[in-house]
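Comments concern the structure below.
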Amino acid sequence: MPKMKSNRGAAKRFSRSASGGFKRGSSHRRHILTKKSTKRKRHLRANAQVNPSDTASIRRMLPFS
């Protein structure tokens, strides 16, 4: 049987949280930042929790996390 491999794109985007869920970075912070308010950009810095309905698909992509 071949080795199991993690999806490398998913491994760079998601990390396991202490409670067993997954953490992810916020989107909309790459470009066109001039029209976004400072408050909005500051809140986008924080990590977000992945929705529990999506954790099963992430767990398939990251079998070792």
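Chain labels run A, B, ... following the order of the structure tokens; each chain numbers its residues from 1, and ligands are numbered from 1 in the order shown.
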
Helix (DSSP H, G or I) call set, DSSP backbone run, chain A, as a PDB file with all heavy atoms, in the first residue's frame:
ATOM      1  N   ARG A   8      -0.621  19.359   0.387  1.00  0.00           N
ATOM      2  CA  ARG A   8       0.317  20.404   0.808  1.00  0.00           C
ATOM      3  C   ARG A   8      -0.319  21.790   0.783  1.00  0.00           C
ATOM      4  O   ARG A   8       0.025  22.646   1.589  1.00  0.00           O
ATOM      5  CB  ARG A   8       1.569  20.390  -0.078  1.00  0.00           C
ATOM      6  CG  ARG A   8       2.353  19.081  -0.012  1.00  0.00           C
ATOM      7  CD  ARG A   8       2.529  18.533   1.396  1.00  0.00           C
ATOM      8  NE  ARG A   8       3.348  19.395   2.224  1.00  0.00           N
ATOM      9  CZ  ARG A   8       3.370  19.377   3.561  1.00  0.00           C
ATOM     10  NH1 ARG A   8       2.612  18.543   4.225  1.00  0.00           N
ATOM     11  NH2 ARG A   8       4.153  20.181   4.228  1.00  0.00           N
ATOM     12  N   GLY A   9      -1.260  22.018  -0.123  1.00  0.00           N
ATOM     13  CA  GLY A   9      -1.956  23.296  -0.133  1.00  0.00           C
ATOM     14  C   GLY A   9      -2.789  23.477   1.128  1.00  0.00           C
ATOM     15  O   GLY A   9      -2.823  24.558   1.713  1.00  0.00           O
ATOM     16  N   ALA A  10      -3.453  22.425   1.562  1.00  0.00           N
ATOM     17  CA  ALA A  10      -4.255  22.496   2.785  1.00  0.00           C
ATOM     18  C   ALA A  10      -3.366  22.607   4.018  1.00  0.00           C
ATOM     19  O   ALA A  10      -3.716  23.290   4.976  1.00  0.00           O
ATOM     20  CB  ALA A  10      -5.148  21.265   2.889  1.00  0.00           C
ATOM     21  N   ALA A  11      -2.207  21.958   3.992  1.00  0.00           N
ATOM     22  CA  ALA A  11      -1.307  22.006   5.144  1.00  0.00           C
ATOM     23  C   ALA A  11      -0.784  23.420   5.379  1.00  0.00           C
ATOM     24  O   ALA A  11      -0.507  23.793   6.521  1.00  0.00           O
ATOM     25  CB  ALA A  11      -0.145  21.049   4.932  1.00  0.00           C
ATOM     26  N   LYS A  12      -0.651  24.197   4.320  1.00  0.00           N
ATOM     27  CA  LYS A  12      -0.179  25.575   4.463  1.00  0.00           C
ATOM     28  C   LYS A  12      -1.286  26.520   4.909  1.00  0.00           C
ATOM     29  O   LYS A  12      -1.006  27.602   5.403  1.00  0.00           O
ATOM     30  CB  LYS A  12       0.407  26.059   3.142  1.00  0.00           C
ATOM     31  CG  LYS A  12       1.670  25.320   2.752  1.00  0.00           C
ATOM     32  CD  LYS A  12       2.056  25.626   1.326  1.00  0.00           C
ATOM     33  CE  LYS A  12       3.159  24.665   0.885  1.00  0.00           C
ATOM     34  NZ  LYS A  12       3.428  24.775  -0.548  1.00  0.00           N
ATOM     35  N   ARG A  13      -2.536  26.133   4.746  1.00  0.00           N
ATOM     36  CA  ARG A  13      -3.660  27.026   5.041  1.00  0.00           C
ATOM     37  C   ARG A  13      -4.326  26.758   6.378  1.00  0.00           C
ATOM     38  O   ARG A  13      -4.897  27.674   6.975  1.00  0.00           O
ATOM     39  CB  ARG A  13      -4.718  26.905   3.945  1.00  0.00           C
ATOM     40  CG  ARG A  13      -4.342  27.578   2.661  1.00  0.00           C
ATOM     41  CD  ARG A  13      -5.323  27.221   1.560  1.00  0.00           C
ATOM     42  NE  ARG A  13      -5.072  27.989   0.361  1.00  0.00           N
ATOM     43  CZ  ARG A  13      -4.152  27.710  -0.549  1.00  0.00           C
ATOM     44  NH1 ARG A  13      -3.351  26.670  -0.356  1.00  0.00           N
ATOM     45  NH2 ARG A  13      -3.997  28.456  -1.611  1.00  0.00           N
ATOM     46  N   THR A  38      -9.244  50.875   8.400  1.00  0.00           N
ATOM     47  CA  THR A  38      -8.211  50.345   9.288  1.00  0.00           C
ATOM     48  C   THR A  38      -8.796  49.312  10.241  1.00  0.00           C
ATOM     49  O   THR A  38      -8.178  48.283  10.515  1.00  0.00           O
ATOM     50  CB  THR A  38      -7.575  51.496  10.082  1.00  0.00           C
ATOM     51  OG1 THR A  38      -7.165  52.498   9.165  1.00  0.00           O
ATOM     52  CG2 THR A  38      -6.375  51.022  10.860  1.00  0.00           C
ATOM     53  N   LYS A  39      -9.988  49.579  10.719  1.00  0.00           N
ATOM     54  CA  LYS A  39     -10.652  48.642  11.633  1.00  0.00           C
ATOM     55  C   LYS A  39     -10.911  47.301  10.949  1.00  0.00           C
ATOM     56  O   LYS A  39     -10.687  46.237  11.536  1.00  0.00           O
ATOM     57  CB  LYS A  39     -11.962  49.243  12.120  1.00  0.00           C
ATOM     58  CG  LYS A  39     -12.744  48.344  13.052  1.00  0.00           C
ATOM     59  CD  LYS A  39     -14.030  49.009  13.487  1.00  0.00           C
ATOM     60  CE  LYS A  39     -14.833  48.083  14.379  1.00  0.00           C
ATOM     61  NZ  LYS A  39     -16.098  48.724  14.789  1.00  0.00           N
ATOM     62  N   ARG A  40     -11.365  47.366   9.697  1.00  0.00           N
ATOM     63  CA  ARG A  40     -11.654  46.132   8.957  1.00  0.00           C
ATOM     64  C   ARG A  40     -10.383  45.324   8.733  1.00  0.00           C
ATOM     65  O   ARG A  40     -10.366  44.095   8.925  1.00  0.00           O
ATOM     66  CB  ARG A  40     -12.307  46.502   7.635  1.00  0.00           C
ATOM     67  CG  ARG A  40     -12.702  45.317   6.788  1.00  0.00           C
ATOM     68  CD  ARG A  40     -13.441  45.791   5.564  1.00  0.00           C
ATOM     69  NE  ARG A  40     -13.611  44.737   4.594  1.00  0.00           N
ATOM     70  CZ  ARG A  40     -14.036  44.921   3.360  1.00  0.00           C
ATOM     71  NH1 ARG A  40     -14.365  46.123   2.950  1.00  0.00           N
ATOM     72  NH2 ARG A  40     -14.166  43.920   2.523  1.00  0.00           N
ATOM     73  N   LYS A  41      -9.298  46.018   8.355  1.00  0.00           N
ATOM     74  CA  LYS A  41      -8.029  45.310   8.117  1.00  0.00           C
ATOM     75  C   LYS A  41      -7.474  44.730   9.416  1.00  0.00           C
ATOM     76  O   LYS A  41      -6.910  43.635   9.425  1.00  0.00           O
ATOM     77  CB  LYS A  41      -7.019  46.261   7.485  1.00  0.00           C
ATOM     78  CG  LYS A  41      -7.370  46.636   6.062  1.00  0.00           C
ATOM     79  CD  LYS A  41      -6.298  47.465   5.423  1.00  0.00           C
ATOM     80  CE  LYS A  41      -6.414  48.920   5.813  1.00  0.00           C
ATOM     81  NZ  LYS A  41      -5.547  49.797   5.000  1.00  0.00           N
ATOM     82  N   ARG A  42      -7.655  45.433  10.514  1.00  0.00           N
ATOM     83  CA  ARG A  42      -7.177  44.949  11.807  1.00  0.00           C
ATOM     84  C   ARG A  42      -7.928  43.690  12.224  1.00  0.00           C
ATOM     85  O   ARG A  42      -7.321  42.729  12.702  1.00  0.00           O
ATOM     86  CB  ARG A  42      -7.353  46.047  12.854  1.00  0.00           C
ATOM     87  CG  ARG A  42      -6.832  45.682  14.227  1.00  0.00           C
ATOM     88  CD  ARG A  42      -6.847  46.866  15.169  1.00  0.00           C
ATOM     89  NE  ARG A  42      -8.198  47.332  15.437  1.00  0.00           N
ATOM     90  CZ  ARG A  42      -8.680  48.522  15.069  1.00  0.00           C
ATOM     91  NH1 ARG A  42      -7.918  49.378  14.384  1.00  0.00           N
ATOM     92  NH2 ARG A  42      -9.904  48.888  15.373  1.00  0.00           N
ATOM     93  N   HIS A  43      -9.232  43.662  12.017  1.00  0.00           N
ATOM     94  CA  HIS A  43     -10.011  42.480  12.376  1.00  0.00           C
ATOM     95  C   HIS A  43      -9.710  41.298  11.449  1.00  0.00           C
ATOM     96  O   HIS A  43      -9.884  40.140  11.860  1.00  0.00           O
ATOM     97  CB  HIS A  43     -11.498  42.798  12.363  1.00  0.00           C
ATOM     98  CG  HIS A  43     -11.937  43.598  13.547  1.00  0.00           C
ATOM     99  ND1 HIS A  43     -11.937  43.101  14.834  1.00  0.00           N
ATOM    100  CD2 HIS A  43     -12.364  44.872  13.654  1.00  0.00           C
ATOM    101  CE1 HIS A  43     -12.365  44.014  15.670  1.00  0.00           C
ATOM    102  NE2 HIS A  43     -12.634  45.117  14.975  1.00  0.00           N
ATOM    103  N   LEU A  44      -9.278  41.563  10.233  1.00  0.00           N
ATOM    104  CA  LEU A  44      -8.940  40.477   9.311  1.00  0.00           C
ATOM    105  C   LEU A  44      -7.610  39.813   9.655  1.00  0.00           C
ATOM    106  O   LEU A  44      -7.309  38.749   9.131  1.00  0.00           O
ATOM    107  CB  LEU A  44      -8.898  41.007   7.874  1.00  0.00           C
ATOM    108  CG  LEU A  44     -10.247  41.328   7.242  1.00  0.00           C
ATOM    109  CD1 LEU A  44     -10.046  42.001   5.902  1.00  0.00           C
ATOM    110  CD2 LEU A  44     -11.102  40.093   7.104  1.00  0.00           C
ATOM    111  N   PRO A  52     -17.553  23.738  11.661  1.00  0.00           N
ATOM    112  CA  PRO A  52     -17.540  22.285  11.936  1.00  0.00           C
ATOM    113  C   PRO A  52     -18.038  21.428  10.775  1.00  0.00           C
ATOM    114  O   PRO A  52     -17.621  20.269  10.646  1.00  0.00           O
ATOM    115  CB  PRO A  52     -18.463  22.142  13.152  1.00  0.00           C
ATOM    116  CG  PRO A  52     -18.419  23.470  13.810  1.00  0.00           C
ATOM    117  CD  PRO A  52     -18.244  24.481  12.711  1.00  0.00           C
ATOM    118  N   SER A  53     -18.903  21.963   9.920  1.00  0.00           N
ATOM    119  CA  SER A  53     -19.380  21.169   8.783  1.00  0.00           C
ATOM    120  C   SER A  53     -18.288  20.953   7.741  1.00  0.00           C
ATOM    121  O   SER A  53     -18.401  20.049   6.910  1.00  0.00           O
ATOM    122  CB  SER A  53     -20.584  21.851   8.139  1.00  0.00           C
ATOM    123  OG  SER A  53     -20.213  23.122   7.640  1.00  0.00           O
ATOM    124  N   ASP A  54     -17.226  21.769   7.776  1.00  0.00           N
ATOM    125  CA  ASP A  54     -16.134  21.627   6.810  1.00  0.00           C
ATOM    126  C   ASP A  54     -14.941  20.852   7.363  1.00  0.00           C
ATOM    127  O   ASP A  54     -14.017  20.545   6.616  1.00  0.00           O
ATOM    128  CB  ASP A  54     -15.651  23.012   6.370  1.00  0.00           C
ATOM    129  CG  ASP A  54     -16.727  23.777   5.643  1.00  0.00           C
ATOM    130  OD1 ASP A  54     -17.501  23.144   4.909  1.00  0.00           O
ATOM    131  OD2 ASP A  54     -16.788  25.013   5.812  1.00  0.00           O
ATOM    132  N   THR A  55     -14.938  20.534   8.637  1.00  0.00           N
ATOM    133  CA  THR A  55     -13.760  19.896   9.213  1.00  0.00           C
ATOM    134  C   THR A  55     -13.535  18.486   8.687  1.00  0.00           C
ATOM    135  O   THR A  55     -12.401  18.026   8.623  1.00  0.00           O
ATOM    136  CB  THR A  55     -13.846  19.860  10.751  1.00  0.00           C
ATOM    137  OG1 THR A  55     -15.066  19.253  11.127  1.00  0.00           O
ATOM    138  CG2 THR A  55     -13.752  21.241  11.338  1.00  0.00           C
ATOM    139  N   ALA A  56     -14.604  17.794   8.295  1.00  0.00           N
ATOM    140  CA  ALA A  56     -14.438  16.426   7.789  1.00  0.00           C
ATOM    141  C   ALA A  56     -13.624  16.414   6.502  1.00  0.00           C
ATOM    142  O   ALA A  56     -12.752  15.558   6.318  1.00  0.00           O
ATOM    143  CB  ALA A  56     -15.799  15.787   7.558  1.00  0.00           C
ATOM    144  N   SER A  57     -13.869  17.373   5.614  1.00  0.00           N
ATOM    145  CA  SER A  57     -13.107  17.406   4.363  1.00  0.00           C
ATOM    146  C   SER A  57     -11.662  17.808   4.607  1.00  0.00           C
ATOM    147  O   SER A  57     -10.759  17.303   3.940  1.00  0.00           O
ATOM    148  CB  SER A  57     -13.765  18.360   3.373  1.00  0.00           C
ATOM    149  OG  SER A  57     -13.822  19.657   3.900  1.00  0.00           O
ATOM    150  N   ILE A  58     -11.429  18.681   5.576  1.00  0.00           N
ATOM    151  CA  ILE A  58     -10.048  19.069   5.893  1.00  0.00           C
ATOM    152  C   ILE A  58      -9.317  17.903   6.540  1.00  0.00           C
ATOM    153  O   ILE A  58      -8.137  17.667   6.279  1.00  0.00           O
ATOM    154  CB  ILE A  58     -10.042  20.305   6.798  1.00  0.00           C
ATOM    155  CG1 ILE A  58     -10.623  21.493   6.037  1.00  0.00           C
ATOM    156  CG2 ILE A  58      -8.630  20.635   7.271  1.00  0.00           C
ATOM    157  CD1 ILE A  58     -10.832  22.708   6.882  1.00  0.00           C
ATOM    158  N   ARG A  59     -10.013  17.155   7.365  1.00  0.00           N
ATOM    159  CA  ARG A  59      -9.388  15.998   8.020  1.00  0.00           C
ATOM    160  C   ARG A  59      -8.963  14.956   6.993  1.00  0.00           C
ATOM    161  O   ARG A  59      -7.956  14.261   7.178  1.00  0.00           O
ATOM    162  CB  ARG A  59     -10.372  15.408   9.025  1.00  0.00           C
ATOM    163  CG  ARG A  59      -9.688  14.610  10.103  1.00  0.00           C
ATOM    164  CD  ARG A  59     -10.633  14.234  11.212  1.00  0.00           C
ATOM    165  NE  ARG A  59     -10.810  15.346  12.126  1.00  0.00           N
ATOM    166  CZ  ARG A  59     -12.004  15.789  12.542  1.00  0.00           C
ATOM    167  NH1 ARG A  59     -13.102  15.203  12.141  1.00  0.00           N
ATOM    168  NH2 ARG A  59     -12.086  16.806  13.367  1.00  0.00           N
ATOM    169  N   ARG A  60      -9.722  14.842   5.894  1.00  0.00           N
ATOM    170  CA  ARG A  60      -9.321  13.906   4.823  1.00  0.00           C
ATOM    171  C   ARG A  60      -8.064  14.394   4.124  1.00  0.00           C
ATOM    172  O   ARG A  60      -7.221  13.586   3.715  1.00  0.00           O
ATOM    173  CB  ARG A  60     -10.451  13.763   3.808  1.00  0.00           C
ATOM    174  CG  ARG A  60     -11.479  12.731   4.162  1.00  0.00           C
ATOM    175  CD  ARG A  60     -12.346  12.368   2.979  1.00  0.00           C
ATOM    176  NE  ARG A  60     -13.043  13.494   2.404  1.00  0.00           N
ATOM    177  CZ  ARG A  60     -14.209  13.966   2.822  1.00  0.00           C
ATOM    178  NH1 ARG A  60     -14.827  13.386   3.837  1.00  0.00           N
ATOM    179  NH2 ARG A  60     -14.781  14.998   2.246  1.00  0.00           N
ATOM    180  N   MET A  61      -7.934  15.710   3.964  1.00  0.00           N
ATOM    181  CA  MET A  61      -6.753  16.250   3.284  1.00  0.00           C
ATOM    182  C   MET A  61      -5.515  16.240   4.181  1.00  0.00           C
ATOM    183  O   MET A  61      -4.385  16.211   3.688  1.00  0.00           O
ATOM    184  CB  MET A  61      -7.031  17.681   2.815  1.00  0.00           C
ATOM    185  CG  MET A  61      -8.022  17.762   1.691  1.00  0.00           C
ATOM    186  SD  MET A  61      -8.129  19.413   1.000  1.00  0.00           S
ATOM    187  CE  MET A  61      -9.268  20.190   2.124  1.00  0.00           C
TER     188      MET A  61
END

query = Could you name the residues that touch A:Gly21 at 9 Å or less, counting only C-alpha atoms, but leaving out those on the same chain fewer than 4 positions away, as an MDAnalysis selection string?
reply = chainID A and resid 15:17 49:52 55

Residues flagged strand (DSSP E or B) by DSSP in chain A, as a ChimeraX atom specification = /A:14-16,22-24,48-49

Hey, can you spit out that residue selection with all heavy atoms as a short mmCIF file (atom, residue, chain, number, x, y, z; two decimals), in the first residue's frame?
data_model
loop_
_atom_site.label_atom_id
_atom_site.label_comp_id
_atom_site.auth_asym_id
_atom_site.auth_seq_id
_atom_site.Cartn_x
_atom_site.Cartn_y
_atom_site.Cartn_z
N PHE A 14 -4.29 25.52 6.85
CA PHE A 14 -5.01 25.15 8.06
C PHE A 14 -4.06 24.58 9.09
O PHE A 14 -3.09 23.90 8.76
CB PHE A 14 -6.08 24.08 7.75
CG PHE A 14 -7.06 24.49 6.70
CD1 PHE A 14 -7.00 23.94 5.43
CD2 PHE A 14 -8.02 25.44 6.96
CE1 PHE A 14 -7.90 24.31 4.45
CE2 PHE A 14 -8.93 25.83 5.98
CZ PHE A 14 -8.86 25.27 4.73
N SER A 15 -4.36 24.85 10.37
CA SER A 15 -3.61 24.22 11.45
C SER A 15 -4.60 23.78 12.52
O SER A 15 -5.69 24.33 12.64
CB SER A 15 -2.58 25.18 12.03
OG SER A 15 -3.21 26.34 12.52
N ARG A 16 -4.21 22.79 13.27
CA ARG A 16 -5.08 22.21 14.29
C ARG A 16 -5.13 23.13 15.50
O ARG A 16 -4.11 23.66 15.92
CB ARG A 16 -4.51 20.85 14.68
CG ARG A 16 -5.42 20.03 15.55
CD ARG A 16 -6.61 19.62 14.78
NE ARG A 16 -6.58 18.21 14.52
CZ ARG A 16 -7.65 17.48 14.40
NH1 ARG A 16 -8.84 18.02 14.51
NH2 ARG A 16 -7.57 16.21 14.15
N PHE A 22 -10.06 23.29 13.51
CA PHE A 22 -9.02 23.80 12.64
C PHE A 22 -9.07 25.31 12.60
O PHE A 22 -10.15 25.91 12.63
CB PHE A 22 -9.19 23.25 11.21
CG PHE A 22 -8.76 21.82 11.08
CD1 PHE A 22 -9.67 20.79 11.18
CD2 PHE A 22 -7.44 21.50 10.86
CE1 PHE A 22 -9.29 19.48 11.07
CE2 PHE A 22 -7.03 20.19 10.75
CZ PHE A 22 -7.96 19.17 10.85
N LYS A 23 -7.89 25.93 12.54
CA LYS A 23 -7.78 27.39 12.42
C LYS A 23 -7.45 27.72 10.98
O LYS A 23 -6.79 26.95 10.28
CB LYS A 23 -6.66 27.92 13.32
CG LYS A 23 -6.89 27.72 14.79
CD LYS A 23 -5.78 28.34 15.60
CE LYS A 23 -4.47 27.58 15.38
NZ LYS A 23 -3.40 28.06 16.25
N ARG A 24 -7.89 28.90 10.55
CA ARG A 24 -7.59 29.36 9.20
C ARG A 24 -7.39 30.86 9.25
O ARG A 24 -7.88 31.54 10.16
CB ARG A 24 -8.73 29.02 8.24
CG ARG A 24 -10.04 29.72 8.60
CD ARG A 24 -11.08 29.59 7.52
NE ARG A 24 -12.33 30.20 7.93
CZ ARG A 24 -12.60 31.50 7.85
NH1 ARG A 24 -11.69 32.34 7.38
NH2 ARG A 24 -13.76 31.98 8.25
N ALA A 48 -9.42 32.67 12.15
CA ALA A 48 -10.82 32.30 12.30
C ALA A 48 -10.91 30.79 12.49
O ALA A 48 -9.97 30.04 12.16
CB ALA A 48 -11.61 32.72 11.07
N GLN A 49 -12.01 30.35 13.02
CA GLN A 49 -12.26 28.93 13.22
C GLN A 49 -12.97 28.38 11.99
O GLN A 49 -13.87 29.02 11.45
CB GLN A 49 -13.15 28.76 14.45
CG GLN A 49 -13.23 27.36 14.99
CD GLN A 49 -11.99 26.96 15.76
OE1 GLN A 49 -11.19 27.79 16.13
NE2 GLN A 49 -11.84 25.68 16.00
#

query = In Å, how far is it from atom CA of A:Ser6 to atom CA of A:Ser27?
reply =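 Answer for the atom CA of A:Ser6 to atom CA of A:Ser27 separation: 22.6 Å.
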
request  = Find the distance between atom CA of A:Ala46 and atom CA of A:Arg30 and write it in Å to one decimal.
outcome  =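 Between atom CA of A:Ala46 and atom CA of A:Arg30 the gap is 14.3 Å.
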
inquiry  = Report, in Å with one decimal, the straight-line distance from atom CA of A:Ser19 to atom CA of A:Lys3.
reply    =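 Computing it gives 27.9 Å between the two atoms.
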